[in-house]
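Asks: Below you'll find the structure I mean.
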Amino acid sequence: MSAGTVMATDIRDVVIIGSGPAGLTAALYAARASLRPLVIEGLEAGGQLTLTTLVENWPGRRDGVMGPELMAEMRAQAEKFGAEIVAGHVTSVELGAQPFVLRVDDQEIRTRTLIIATGASARLLGLPSERVLMGHGVSTCATCDGFFFRGKPIAIVGGGDTAMEEALYLTRFASTVTVIHRRDTLRASKAMADRALAHPKIQWRWNSAVERVLDEGKGEVTGIELRDLVTGETSTLAVDGVFVAIGHTPNTGLFQGQLEADVNGYLITHDGTKTSRPGVFAAGDVQDHVYRQAITAAGSGCMAAIDAQHFLEEHFPATHHPDGALEEKVAHAIQPPPMTSSPS
Amino acid sequence: MASEHIQTFTDANFDQTVLKADAPVLVDFWAEWCGPCRMIGPTIDQVASELAGKAVIGKLNVDENPAVTGRYSIRGIPALLVFKGGQLVDSLAGAGHSKQHIKATIEKHI
């Protein structure tokens with residue numbers, strides 16, 4: 001059923017925010033359960049996998065699959081079963097009472113259940129010079145921007161798996177890749193670290209932090225100022241590009257004060273994918289800073305769809321009857337689940 | 001997939017179609033292999049439809065058009081550059097921009 005057949009005042013059964021593996025798997029399962037899910041893609045449609053190249057650990061694809069292709073397939077599969085996927089950016093949510101209210105650009109959407117799959121985005125160093133030079137030599141996406149540094153020296157900041165993977169990828173283009181890391185050992189897995197450590201084009205600056213990216217005045221990257229965290233000495237390294245790979249931060253600003261989150265902002269889930277608000281579920285990296293895999297995100301997206309379905313069956317038993325005949329009347333006669341916060 | 005309002009800019013036509021245009025021009029620097037460029041594609045299509053007749057919106061493939069890409073020192077894509085009267089007047093880096101923000105950036109120069 002398309003959006004065209006739904007009245008403006010209609011209350012959706014399931015709205016999903018986010019279109020990475022978690023959001024699209026939730027959409028696939030909810031669509032197959034005839035819940036007509038609406039997916040709001042967000043500013044980074046397709047999620048982090050669209051920034052990757054070959055994904056070699058997606059089960060069932062022994063030769064690997066390109067990240068963007070995998071996401072396009074997931075999207076098409078969800079749509080095939082009736083998920084409605086729209087470009088848009090949620091600007092506010094009101095989760096205090098049923099139905100939940102979302103604002104997407106200028107539009108208002110009401111829903112009985114909400115699945116949050118907003119994921120995580122690359123964390124930045126937080127330097128003013130970094131912000132000014134973003135897109136002018138500072139990048140968080142090696143696969144996007146490595147191309148522009150053919151034959152040039154670059155630096156990459158970070159010591160985890162992503163940093164090593166990107167450092168290795170960037171050696172295809174750059175003359176040298178210098179890894180800047182705050183410690184004297186890598187957090188990356190041994191296999192990844194060994195490959196990077198053995199690579200002739202990769203150089204290392206251990207125990208070092210970036211103080212400033214140069215040169216704001218020129219509007220392009222000419223180098224970085226480094227501080228040795230052991231000796232306190234500062235030095236300048238001439239590079240044409242700086243890639244930042246120091247981890248991720250969950251996209252949970254929208255829900256601040258409305259849902260329980262940990263100190264780093266990750267949503268807290270219990271009994272599967274339930275958040276602190278009945279009817280609101282979270283899946284994928286927005287609630288997982290441990291596993292952070294495409295397959296775990298997809299798995300929790302599936303769980304969220306099933307959890308949402310159970311919630312609807314329990315609290316709105318008539319609403320997703322296949323022919324939908326009794327829909328609105330019955331739904332309103334049923335007591336919504338208890339809510340703790342004040343109404344919006 | 002691109003909307004009818006999206007033009008294709010190249011090294012060959014850039015001076016004529018972008019620099020000599022009367023209206024403001026948004027140039028979306030992109031490449032096939034760039035995931036975030038695909039992410040922002042539908043948003044650019046919408047902006048192009050909504051600003052049809054007021055601004056010129058188009059794409060420039062960085063792989064195929066090294067001269068213009070080099071001239072504006074593009075170091076990351078997607079990069080959205082706004083031109084008016086032959087001059088670069090605004091730019092947005094990366095894909096994390098809402099439709100409203102992109103529209104407003106162009107509308108300032110209409």
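Residues are referred to by chain and number: the chain letter is A, B, ... according to the order shown in the structure tokens, the number counts from 1 in that chain, and ligands are numbered separately from 1 in the order shown.
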What's the 6 Å shell around segment 84-101 of chain B, counting only C-alpha atoms, without same-chain residues fewer than 2 positions away, as JSON, numbers by chain?

Replies: {"A": [43, 135], "B": [19, 20, 24, 36, 40, 43, 78, 79, 80, 81, 82, 103, 104]}

Asks: Kindly save the residues from that selection, with C-alpha atoms included, as a PDB file, in the first residue's frame.

Replies:
```pdb
ATOM      1  CA  LEU A  43      21.462  12.798   6.155  1.00  0.00           C
ATOM      2  CA  GLY A 135      36.860  19.171   2.663  1.00  0.00           C
TER       3      GLY A 135
ATOM      4  CA  LEU B  19      30.973  31.046 -15.106  1.00  0.00           C
ATOM      5  CA  LYS B  20      28.895  32.932 -17.697  1.00  0.00           C
ATOM      6  CA  PRO B  24      23.624  31.390  -9.275  1.00  0.00           C
ATOM      7  CA  PRO B  36      28.389   9.956   0.247  1.00  0.00           C
ATOM      8  CA  ILE B  40      23.376  13.368  -1.303  1.00  0.00           C
ATOM      9  CA  THR B  43      18.688  15.790  -2.053  1.00  0.00           C
ATOM     10  CA  PRO B  78      30.943  15.554  -2.331  1.00  0.00           C
ATOM     11  CA  ALA B  79      31.800  19.229  -2.574  1.00  0.00           C
ATOM     12  CA  LEU B  80      29.059  21.718  -3.351  1.00  0.00           C
ATOM     13  CA  LEU B  81      30.343  24.974  -4.804  1.00  0.00           C
ATOM     14  CA  VAL B  82      28.119  27.963  -5.536  1.00  0.00           C
ATOM     15  CA  LYS B 103      18.705  25.602  -0.614  1.00  0.00           C
ATOM     16  CA  ALA B 104      19.367  28.502   1.731  1.00  0.00           C
TER      17      ALA B 104
END
```

Asks: Quick one: everything within 12 Å of Cys37 of chain B, counting only C-alpha atoms, minus sequence neighbours fewer than 2 positions away in the same chain. Send it as a ChimeraX atom specification.

Replies: /A:43-46,50-51,68,141,143-145 /B:28-35,39-44,59-62,76-80,93-97

Asks: Skipping near chain neighbours, those fewer than 2 positions away, what residues fall within 10 Å of Ala67 of chain B using only C-alpha atoms, listed as a PyMOL selection string?

Replies: chain B and resi 10-12+14+62+64-65+69-73

Asks: Can you tell me, as a ChimeraX atom specification, what residues are no more than 10 Å from Leu49 of chain A when counting only C-alpha atoms, ignoring any on the same chain fewer than 2 positions away?

Replies: /A:20-21,45-47,51-55,66-71,293-294 /B:35

Asks: Just checking: using only C-alpha atoms, which residue out of A:Val179, A:Thr275, A:Ser300, A:His289 ends up closest to Val263 of chain A?

Replies: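 For Val263 of chain A, the nearest of the given residues is A:His289.
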
Asks: Find, counting only C-alpha atoms, the residue in A:Ala261, A:Ala196, A:Leu28, A:Ile180 that gets nearest to Leu229 of chain A.

Replies: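 Smallest separation from Leu229 of chain A among the options: A:Ile180.
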
Asks: Which residues, written as a list in words, have at least one atom at most 8 Å from Lys54 of chain B, with only C-alpha atoms counted and residues fewer than 3 positions away on the same chain left out?

Replies: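 Neighbouring residues, sequence-local ones excluded: Ala23, Pro24, Leu51 and Ile110 of chain B.
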
Asks: Those same residues, written as a PDB file, in the first residue's frame with N, CA and C atoms?

Replies:
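Contents of the output file part.pdb:
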```pdb
ATOM      1  N   ALA B  23      22.245  33.424 -13.459  1.00  0.00           N
ATOM      2  CA  ALA B  23      21.710  32.946 -12.171  1.00  0.00           C
ATOM      3  C   ALA B  23      22.842  32.302 -11.364  1.00  0.00           C
ATOM      4  N   PRO B  24      22.643  32.158 -10.047  1.00  0.00           N
ATOM      5  CA  PRO B  24      23.624  31.390  -9.275  1.00  0.00           C
ATOM      6  C   PRO B  24      23.650  29.927  -9.737  1.00  0.00           C
ATOM      7  N   LEU B  51      14.243  24.761  -7.099  1.00  0.00           N
ATOM      8  CA  LEU B  51      14.820  26.052  -7.497  1.00  0.00           C
ATOM      9  C   LEU B  51      14.848  26.220  -9.023  1.00  0.00           C
ATOM     10  N   ILE B 110      20.542  34.518  -5.004  1.00  0.00           N
ATOM     11  CA  ILE B 110      19.567  34.722  -6.085  1.00  0.00           C
ATOM     12  C   ILE B 110      19.217  36.208  -6.187  1.00  0.00           C
TER      13      ILE B 110
END
```

Asks: Using only C-alpha atoms, pick whichever of A:Leu237, A:Val221, A:Ile246, A:Ala76 has the shortest atom-to-atom distance to Val157 of chain A.

Replies: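 Using only C-alpha atoms, Val157 of chain A sits closest to A:Ile246.
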
Asks: Within 10 Å of Met192 of chain A, counting only C-alpha atoms, which residues show up once you throw out same-chain ones fewer than 2 positions away? Write them as a list in words, please.

Replies: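 The contact residues come out as Gly160, Asp161, Thr162, Ala163, Met164, Glu165, Leu168, Leu186, Arg187, Ala188, Ser189, Lys190, Asp194, Arg195, Ala196 and Leu197 of chain A.
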
Asks: Write a file of the selected residues as a CSV table (one decimal), in the first residue's frame, keeping C-alpha atoms.

Replies:
```
chain,number,residue,atom,x,y,z
A,160,GLY,CA,42.1,1.1,15.7
A,161,ASP,CA,41.0,-1.2,12.9
A,162,THR,CA,39.4,1.5,10.9
A,163,ALA,CA,42.6,3.7,11.0
A,164,MET,CA,44.7,0.7,9.9
A,165,GLU,CA,42.3,-0.3,7.1
A,168,LEU,CA,46.5,0.6,4.0
A,186,LEU,CA,47.8,-0.2,18.4
A,187,ARG,CA,44.2,-1.0,19.4
A,188,ALA,CA,43.7,-2.6,16.0
A,189,SER,CA,43.4,-6.4,15.7
A,190,LYS,CA,46.7,-8.2,15.3
A,194,ASP,CA,50.7,-6.6,11.4
A,195,ARG,CA,49.8,-5.7,7.8
A,196,ALA,CA,50.1,-2.0,8.5
A,197,LEU,CA,53.3,-2.3,10.5
```
